>>> print(open('protein-v1.pdb').read())   # PDB, C-alpha atoms
ATOM      1  CA  MET F   1      87.830 108.763 113.523
ATOM      2  CA  ASN F   2      90.031 110.723 115.886
ATOM      3  CA  LEU F   3      93.677 110.231 114.975
ATOM      4  CA  GLU F   4      95.941 110.037 118.022
ATOM      5  CA  ASN F   5      99.395 108.854 116.954
ATOM      6  CA  VAL F   6     101.751 107.698 114.301
ATOM      7  CA  THR F   7     103.293 104.334 115.158
ATOM      8  CA  LEU F   8     106.556 103.169 113.611
ATOM      9  CA  ILE F   9     107.169  99.450 114.090
ATOM     10  CA  SER F  10     110.645  98.128 113.404
ATOM     11  CA  PHE F  11     110.867  94.588 112.082
ATOM     12  CA  GLY F  12     114.535  93.780 112.390
ATOM     13  CA  TYR F  13     117.492  95.730 113.674
ATOM     14  CA  PHE F  14     117.640  99.500 113.324
ATOM     15  CA  GLU F  15     120.151 101.661 115.130
ATOM     16  CA  LYS F  16     118.388 103.516 117.929
ATOM     17  CA  GLY F  17     119.794 106.872 116.849
ATOM     18  CA  LEU F  18     118.440 106.395 113.334
ATOM     19  CA  LEU F  19     114.869 105.894 114.502
ATOM     20  CA  ASP F  20     115.097 108.782 116.983
ATOM     21  CA  LYS F  21     116.054 111.163 114.176
ATOM     22  CA  VAL F  22     113.236 109.942 111.965
ATOM     23  CA  VAL F  23     110.689 110.208 114.795
ATOM     24  CA  LYS F  24     111.447 113.894 115.362
ATOM     25  CA  ASP F  25     110.988 114.719 111.694
ATOM     26  CA  VAL F  26     107.745 112.754 111.394
ATOM     27  CA  GLU F  27     106.342 114.520 114.479
ATOM     28  CA  HIS F  28     107.302 117.864 112.993
ATOM     29  CA  GLU F  29     105.798 117.103 109.574
ATOM     30  CA  PHE F  30     102.469 115.648 110.720
ATOM     31  CA  LEU F  31     102.092 117.460 114.067
ATOM     32  CA  LEU F  32     101.278 114.201 115.830
ATOM     33  CA  PRO F  33     103.105 112.216 118.496
ATOM     34  CA  VAL F  34     105.102 109.288 117.149
ATOM     35  CA  LYS F  35     105.509 106.024 119.018
ATOM     36  CA  THR F  36     108.063 103.361 118.135
ATOM     37  CA  ARG F  37     108.003  99.714 118.971
ATOM     38  CA  GLU F  38     109.443  96.447 117.809
ATOM     39  CA  GLY F  39     107.403  93.963 115.828
ATOM     40  CA  HIS F  40     108.058  90.339 115.074
ATOM     41  CA  LEU F  41     107.224  88.517 111.867
ATOM     42  CA  ASP F  42     108.607  85.405 110.246
ATOM     43  CA  LEU F  43     109.748  87.144 107.081
ATOM     44  CA  SER F  44     110.394  83.830 105.344
ATOM     45  CA  HIS F  45     106.637  83.675 104.645
ATOM     46  CA  PHE F  46     106.989  86.796 102.487
ATOM     47  CA  PHE F  47     110.156  85.778 100.631
ATOM     48  CA  ASP F  48     109.890  85.009  96.931
ATOM     49  CA  PRO F  49     112.815  82.691  96.087
ATOM     50  CA  SER F  50     112.524  83.302  92.338
ATOM     51  CA  ARG F  51     113.074  87.046  92.869
ATOM     52  CA  ARG F  52     115.179  86.766  96.034
ATOM     53  CA  GLN F  53     113.062  89.602  97.445
ATOM     54  CA  TYR F  54     110.182  90.115  99.850
ATOM     55  CA  ASP F  55     106.622  90.676  98.681
ATOM     56  CA  GLY F  56     105.768  94.238  99.664
ATOM     57  CA  TYR F  57     102.086  93.843  98.925
ATOM     58  CA  ARG F  58     101.739  90.869 101.283
ATOM     59  CA  LEU F  59     103.817  92.590 103.989
ATOM     60  CA  LEU F  60     101.649  95.711 103.762
ATOM     61  CA  LYS F  61      98.524  93.607 104.071
ATOM     62  CA  GLU F  62      99.988  91.861 107.160
ATOM     63  CA  ILE F  63     100.872  95.172 108.828
ATOM     64  CA  ASP F  64      97.387  96.502 108.150
ATOM     65  CA  LEU F  65      95.601  93.404 109.438
ATOM     66  CA  TYR F  66      97.664  92.570 112.523
ATOM     67  CA  PHE F  67      99.618  95.652 113.597
ATOM     68  CA  SER F  68      97.475  98.714 112.851
ATOM     69  CA  ASN F  69      94.374 100.152 114.464
ATOM     70  CA  ASP F  70      91.769 102.807 113.746
ATOM     71  CA  THR F  71      93.346 105.565 115.846
ATOM     72  CA  ASP F  72      96.928 105.419 114.528
ATOM     73  CA  LYS F  73      98.733 105.610 111.233
ATOM     74  CA  THR F  74     101.112 102.639 111.330
ATOM     75  CA  LEU F  75     104.261 102.157 109.302
ATOM     76  CA  GLY F  76     106.224  98.915 109.330
ATOM     77  CA  LEU F  77     109.965  99.469 108.955
ATOM     78  CA  PHE F  78     112.053  96.774 107.300
ATOM     79  CA  ASN F  79     115.626  96.082 106.259
ATOM     80  CA  VAL F  80     114.858  93.718 103.382
ATOM     81  CA  ASP F  81     114.587  94.105  99.604
ATOM     82  CA  LEU F  82     110.928  94.733  98.755
ATOM     83  CA  PHE F  83     109.072  94.264  95.472
ATOM     84  CA  ILE F  84     105.578  94.324  94.088
ATOM     85  CA  PRO F  85     104.775  92.248  91.007
ATOM     86  CA  ILE F  86     104.761  95.180  88.580
ATOM     87  CA  LEU F  87     108.059  96.714  89.791
ATOM     88  CA  THR F  88     111.610  95.419  90.157
ATOM     89  CA  TYR F  89     111.821  96.889  93.658
ATOM     90  CA  ILE F  90     110.153  99.433  95.916
ATOM     91  CA  PHE F  91     111.355 101.610  98.773
ATOM     92  CA  GLY F  92     107.945 101.393 100.416
ATOM     93  CA  GLN F  93     104.229 101.555  99.878
ATOM     94  CA  ALA F  94     101.066 102.452 101.743
ATOM     95  CA  TYR F  95      97.320 102.285 101.515
ATOM     96  CA  LEU F  96      96.071 105.618 100.188
ATOM     97  CA  ASN F  97      94.055 107.209 102.983
ATOM     98  CA  GLY F  98      94.466 103.977 104.934
ATOM     99  CA  ARG F  99      95.863 102.896 108.267
ATOM    100  CA  ALA F 100      99.137 101.310 107.227
ATOM    101  CA  GLY F 101     102.259 101.497 105.157
ATOM    102  CA  ILE F 102     105.712  99.962 104.925
ATOM    103  CA  ALA F 103     109.191 101.294 104.203
ATOM    104  CA  SER F 104     112.522  99.558 103.797
ATOM    105  CA  ILE F 105     115.999 100.913 104.342
ATOM    106  CA  TYR F 106     117.537  98.130 102.235
ATOM    107  CA  ARG F 107     117.971 100.018  98.942
ATOM    108  CA  LEU F 108     118.730 103.344 100.627
ATOM    109  CA  ARG F 109     122.287 102.434 101.665
ATOM    110  CA  ASN F 110     125.137 103.770  99.505
ATOM    111  CA  GLU F 111     127.024 100.489  99.921
ATOM    112  CA  ARG F 112     124.308  98.779  97.884
ATOM    113  CA  TYR F 113     125.487 100.808  94.881
ATOM    114  CA  GLY F 114     129.228 100.447  95.426
ATOM    115  CA  ILE F 115     129.564 103.873  97.038
ATOM    116  CA  PHE F 116     131.121 104.692 100.403
ATOM    117  CA  LYS F 117     128.922 104.452 103.477
ATOM    118  CA  ASP F 118     127.246 107.749 104.385
ATOM    119  CA  GLU F 119     125.108 107.601 107.535
ATOM    120  CA  LYS F 120     123.841 111.165 107.204
ATOM    121  CA  LEU F 121     122.618 110.503 103.669
ATOM    122  CA  LEU F 122     121.043 107.211 104.789
ATOM    123  CA  VAL F 123     119.098 108.965 107.564
ATOM    124  CA  ASN F 124     117.957 111.663 105.119
ATOM    125  CA  ARG F 125     116.745 109.090 102.612
ATOM    126  CA  PHE F 126     114.972 107.022 105.244
ATOM    127  CA  ARG F 127     113.180 109.986 106.841
ATOM    128  CA  LYS F 128     111.964 111.088 103.402
ATOM    129  CA  GLU F 129     110.695 107.601 102.593
ATOM    130  CA  VAL F 130     108.906 107.291 105.939
ATOM    131  CA  ILE F 131     107.282 110.717 105.584
ATOM    132  CA  HIS F 132     106.364 109.943 101.957
ATOM    133  CA  GLU F 133     104.613 106.666 102.807
ATOM    134  CA  LEU F 134     102.833 108.205 105.794
ATOM    135  CA  GLY F 135     101.700 110.990 103.472
ATOM    136  CA  HIS F 136      99.897 108.377 101.395
ATOM    137  CA  THR F 137      98.115 107.065 104.509
ATOM    138  CA  PHE F 138      96.863 110.617 105.044
ATOM    139  CA  GLY F 139      95.432 110.650 101.510
ATOM    140  CA  LEU F 140      98.241 112.466  99.698
ATOM    141  CA  ILE F 141      99.014 111.326  96.150
ATOM    142  CA  HIS F 142     102.277 111.792  94.263
ATOM    143  CA  CYS F 143     103.168 115.445  93.746
ATOM    144  CA  TYR F 144     104.752 117.070  90.695
ATOM    145  CA  ASN F 145     106.667 119.658  92.717
ATOM    146  CA  PRO F 146     110.313 118.555  92.278
ATOM    147  CA  THR F 147     111.247 119.317  95.892
ATOM    148  CA  CYS F 148     108.123 117.947  97.619
ATOM    149  CA  VAL F 149     108.612 114.809  99.697
ATOM    150  CA  MET F 150     105.495 113.395  98.005
ATOM    151  CA  ARG F 151     107.148 113.366  94.587
ATOM    152  CA  SER F 152     107.484 109.819  93.297
ATOM    153  CA  SER F 153     110.935 108.224  93.617
ATOM    154  CA  THR F 154     112.068 105.452  91.309
ATOM    155  CA  TYR F 155     115.768 105.680  92.204
ATOM    156  CA  VAL F 156     117.662 106.760  95.334
ATOM    157  CA  GLU F 157     118.879 109.782  93.376
ATOM    158  CA  ASP F 158     115.228 110.870  93.143
ATOM    159  CA  ILE F 159     114.974 110.702  96.932
ATOM    160  CA  ASP F 160     118.182 112.727  97.274
ATOM    161  CA  GLN F 161     116.817 115.511  95.053
ATOM    162  CA  LYS F 162     113.657 116.155  97.022
ATOM    163  CA  ASP F 163     113.178 117.788 100.389
ATOM    164  CA  GLN F 164     111.946 116.059 103.531
ATOM    165  CA  HIS F 165     108.945 118.395 103.774
ATOM    166  CA  LEU F 166     105.570 118.646 102.118
ATOM    167  CA  CYS F 167     105.155 121.463  99.630
ATOM    168  CA  LEU F 168     102.524 124.120 100.327
ATOM    169  CA  LYS F 169      99.938 122.401  98.101
ATOM    170  CA  CYS F 170     100.394 119.030  99.842
ATOM    171  CA  ARG F 171     100.444 120.699 103.273
ATOM    172  CA  GLU F 172      97.081 122.312 102.461
ATOM    173  CA  GLN F 173      95.713 118.980 101.208
ATOM    174  CA  LEU F 174      96.920 117.291 104.407
ATOM    175  CA  SER F 175      95.145 119.925 106.464
ATOM    176  CA  ILE F 176      91.915 119.277 104.556
ATOM    177  CA  GLN F 177      92.308 115.489 104.922
ATOM    178  CA  THR F 178      92.945 115.606 108.675
ATOM    179  CA  THR F 179      89.991 117.959 109.160
ATOM    180  CA  ILE F 180      87.742 115.500 107.300
ATOM    181  CA  GLN F 181      89.014 112.533 109.371
ATOM    182  CA  THR F 182      88.439 114.164 112.775
TER     183      THR F 182
END
>>> encode(input="protein-v1.pdb", output="structure tokens")
Amino acid sequence: MNLENVTLISFGYFEKGLLDKVVKDVEHEFLLPVKTREGHLDLSHFFDPSRRQYDGYRLLKEIDLYFSNDTDKTLGLFNVDLFIPILTYIFGQAYLNGRAGIASIYRLRNERYGIFKDEKLLVNRFRKEVIHELGHTFGLIHCYNPTCVMRSSTYVEDIDQKDQHLCLKCREQLSIQTTIQT
């Protein structure tokens, strides 16, 4: 497989400037061109009324089946509250060494936690989440380095504490993975 692009598909409204900032950082981190486009899904099919959240597993499966291809890494971007059955909520998820992932900005906003709006912090959190989930599609697992973007994040504070870049170990692993895939 010869990887050509990373594709970010927005499902719902995202400010243009927000996506532009994220695109530049993703291109820098993975050294691949990043395309953006809009996608359309009836999200009501993924809504679980008992949880009042959207099923992340089913959304990921949908993105993989209908929006991804074999030459791109594809990430669906959402603005809804995601969950998987074993967790109260998730920021995103991806198929390890797969074609697709998802990320949501919903729980990354300060206002969600009763704190003043901070656009710069929101962009930082979102870029880290996008890079993190794409890292999984490239075969990277969670890292124990406290500043690595691949460190697991349970809370937004965890996202705030890590950097937006891969650590040296993960960067080397990414290099090995992309060499194997090409």
>>> residues_around(input="protein-v1.pdb", residues="region 117-123 of chain F", least_positions_apart="5", cutoff="9 Å", atoms="all atoms listed in the file", output="list in words")
Leu18, Leu19, Lys21, Val22, Ile105, Leu108, Arg109, Asn110, Glu111, Lys128 and Asp160 of chain F
>>> write_last_selection(input="protein-v1.pdb", atoms="C-alpha atoms", output="mmCIF file, in the coordinates of the input")
data_model
loop_
_atom_site.group_PDB
_atom_site.id
_atom_site.type_symbol
_atom_site.label_atom_id
_atom_site.label_comp_id
_atom_site.auth_asym_id
_atom_site.auth_seq_id
_atom_site.Cartn_x
_atom_site.Cartn_y
_atom_site.Cartn_z
ATOM 1 C CA LEU F 18 118.440 106.395 113.334
ATOM 2 C CA LEU F 19 114.869 105.894 114.502
ATOM 3 C CA LYS F 21 116.054 111.163 114.176
ATOM 4 C CA VAL F 22 113.236 109.942 111.965
ATOM 5 C CA ILE F 105 115.999 100.913 104.342
ATOM 6 C CA LEU F 108 118.730 103.344 100.627
ATOM 7 C CA ARG F 109 122.287 102.434 101.665
ATOM 8 C CA ASN F 110 125.137 103.770 99.505
ATOM 9 C CA GLU F 111 127.024 100.489 99.921
ATOM 10 C CA LYS F 128 111.964 111.088 103.402
ATOM 11 C CA ASP F 160 118.182 112.727 97.274
#
>>> residues_around(input="protein-v1.pdb", residues="Arg171 (chain F)", least_positions_apart="3", cutoff="12 Å", atoms="all atoms listed in the file", output="list in words")
Glu29, Phe30, Leu31, Gly135, Phe138, Gly139, Leu140, Ile141, Cys143, Cys148, Val149, Met150, His165, Leu166, Cys167, Leu168, Leu174, Ser175, Ile176, Gln177 and Thr178 of chain F
>>> resolve_selection(input="protein-v1.pdb", expression="the PyMOL selection byres ((chain F and resi 43) around 12)", output="JSON, numbers by chain")
{"F": [11, 12, 39, 40, 41, 42, 44, 45, 46, 47, 48, 53, 54, 55, 56, 58, 59, 62, 78, 79, 80, 81, 82]}
>>> atom_distance(input="protein-v1.pdb", atom1="CA of Arg99 (chain F)", atom2="CA of Thr137 (chain F)")
6.0 Å
>>> atom_distance(input="protein-v1.pdb", atom1="CA of Thr154 (chain F)", atom2="CA of Phe91 (chain F)")
8.4 Å
>>> closest_residue(input="protein-v1.pdb", among="F:Gly114, F:Lys73, F:Thr7, F:Lys61", to="Asn97 (chain F)", atoms="all atoms listed in the file")
F:Lys73
>>> atom_distance(input="protein-v1.pdb", atom1="CA of Asn5 (chain F)", atom2="CA of Lys35 (chain F)")
7.0 Å
>>> closest_residue(input="protein-v1.pdb", among="F:Ile86, F:Gly98, F:His28, F:Tyr144", to="Asp64 (chain F)", atoms="only C-alpha atoms")
F:Gly98
>>> closest_residue(input="protein-v1.pdb", among="F:Leu3, F:Leu96, F:Ser50, F:Arg127", to="Asp20 (chain F)", atoms="all atoms listed in the file")
F:Arg127
>>> residues_near_point(input="protein-v1.pdb", point="(106.9, 106.8, 108.2)", cutoff="9 Å", atoms="only C-alpha atoms", output="short mmCIF file (atom, residue, chain, number, x, y, z; two decimals) with C-alpha atoms, in the coordinates of the input")
data_model
loop_
_atom_site.label_atom_id
_atom_site.label_comp_id
_atom_site.auth_asym_id
_atom_site.auth_seq_id
_atom_site.Cartn_x
_atom_site.Cartn_y
_atom_site.Cartn_z
CA VAL F 6 101.75 107.70 114.30
CA THR F 7 103.29 104.33 115.16
CA LEU F 8 106.56 103.17 113.61
CA VAL F 22 113.24 109.94 111.96
CA VAL F 23 110.69 110.21 114.80
CA VAL F 26 107.74 112.75 111.39
CA LYS F 73 98.73 105.61 111.23
CA THR F 74 101.11 102.64 111.33
CA LEU F 75 104.26 102.16 109.30
CA GLY F 76 106.22 98.92 109.33
CA LEU F 77 109.96 99.47 108.96
CA GLY F 101 102.26 101.50 105.16
CA ILE F 102 105.71 99.96 104.92
CA ALA F 103 109.19 101.29 104.20
CA PHE F 126 114.97 107.02 105.24
CA ARG F 127 113.18 109.99 106.84
CA LYS F 128 111.96 111.09 103.40
CA GLU F 129 110.70 107.60 102.59
CA VAL F 130 108.91 107.29 105.94
CA ILE F 131 107.28 110.72 105.58
CA HIS F 132 106.36 109.94 101.96
CA GLU F 133 104.61 106.67 102.81
CA LEU F 134 102.83 108.20 105.79
CA GLY F 135 101.70 110.99 103.47
#
>>> closest_residue(input="protein-v1.pdb", among="F:Leu87, F:Leu32, F:Ile115, F:Cys170", to="Thr71 (chain F)", atoms="only C-alpha atoms")
F:Leu32
>>> build_atoms(input="protein-v1.pdb", residues="region 9-23 of chain F", atoms="N, CA and C atoms", output="PDB file, keeping the file's coordinate frame")
ATOM      1  N   ILE F   9     106.832 100.765 113.544  1.00  0.00           N
ATOM      2  CA  ILE F   9     107.169  99.450 114.090  1.00  0.00           C
ATOM      3  C   ILE F   9     108.368  98.902 113.328  1.00  0.00           C
ATOM      4  N   SER F  10     109.446  98.662 114.054  1.00  0.00           N
ATOM      5  CA  SER F  10     110.645  98.128 113.404  1.00  0.00           C
ATOM      6  C   SER F  10     110.609  96.609 113.423  1.00  0.00           C
ATOM      7  N   PHE F  11     110.785  96.045 112.253  1.00  0.00           N
ATOM      8  CA  PHE F  11     110.867  94.588 112.082  1.00  0.00           C
ATOM      9  C   PHE F  11     112.304  94.298 111.670  1.00  0.00           C
ATOM     10  N   GLY F  12     113.115  93.962 112.642  1.00  0.00           N
ATOM     11  CA  GLY F  12     114.535  93.780 112.390  1.00  0.00           C
ATOM     12  C   GLY F  12     115.315  94.861 113.101  1.00  0.00           C
ATOM     13  N   TYR F  13     116.620  94.814 112.948  1.00  0.00           N
ATOM     14  CA  TYR F  13     117.492  95.730 113.674  1.00  0.00           C
ATOM     15  C   TYR F  13     117.604  97.082 112.984  1.00  0.00           C
ATOM     16  N   PHE F  14     117.395  98.128 113.750  1.00  0.00           N
ATOM     17  CA  PHE F  14     117.640  99.500 113.324  1.00  0.00           C
ATOM     18  C   PHE F  14     118.394 100.182 114.449  1.00  0.00           C
ATOM     19  N   GLU F  15     119.419 100.931 114.104  1.00  0.00           N
ATOM     20  CA  GLU F  15     120.151 101.661 115.130  1.00  0.00           C
ATOM     21  C   GLU F  15     119.214 102.644 115.814  1.00  0.00           C
ATOM     22  N   LYS F  16     119.276 102.674 117.139  1.00  0.00           N
ATOM     23  CA  LYS F  16     118.388 103.516 117.929  1.00  0.00           C
ATOM     24  C   LYS F  16     118.454 104.976 117.475  1.00  0.00           C
ATOM     25  N   GLY F  17     119.640 105.484 117.268  1.00  0.00           N
ATOM     26  CA  GLY F  17     119.794 106.872 116.849  1.00  0.00           C
ATOM     27  C   GLY F  17     119.099 107.176 115.539  1.00  0.00           C
ATOM     28  N   LEU F  18     119.092 106.219 114.627  1.00  0.00           N
ATOM     29  CA  LEU F  18     118.440 106.395 113.334  1.00  0.00           C
ATOM     30  C   LEU F  18     116.947 106.620 113.528  1.00  0.00           C
ATOM     31  N   LEU F  19     116.313 105.761 114.295  1.00  0.00           N
ATOM     32  CA  LEU F  19     114.869 105.894 114.502  1.00  0.00           C
ATOM     33  C   LEU F  19     114.526 107.168 115.260  1.00  0.00           C
ATOM     34  N   ASP F  20     115.350 107.549 116.229  1.00  0.00           N
ATOM     35  CA  ASP F  20     115.097 108.782 116.983  1.00  0.00           C
ATOM     36  C   ASP F  20     115.073 109.994 116.060  1.00  0.00           C
ATOM     37  N   LYS F  21     116.000 110.043 115.118  1.00  0.00           N
ATOM     38  CA  LYS F  21     116.054 111.163 114.176  1.00  0.00           C
ATOM     39  C   LYS F  21     114.815 111.190 113.285  1.00  0.00           C
ATOM     40  N   VAL F  22     114.406 110.026 112.832  1.00  0.00           N
ATOM     41  CA  VAL F  22     113.236 109.942 111.965  1.00  0.00           C
ATOM     42  C   VAL F  22     111.975 110.348 112.728  1.00  0.00           C
ATOM     43  N   VAL F  23     111.858 109.898 113.969  1.00  0.00           N
ATOM     44  CA  VAL F  23     110.689 110.208 114.795  1.00  0.00           C
ATOM     45  C   VAL F  23     110.494 111.717 114.906  1.00  0.00           C
TER      46      VAL F  23
END
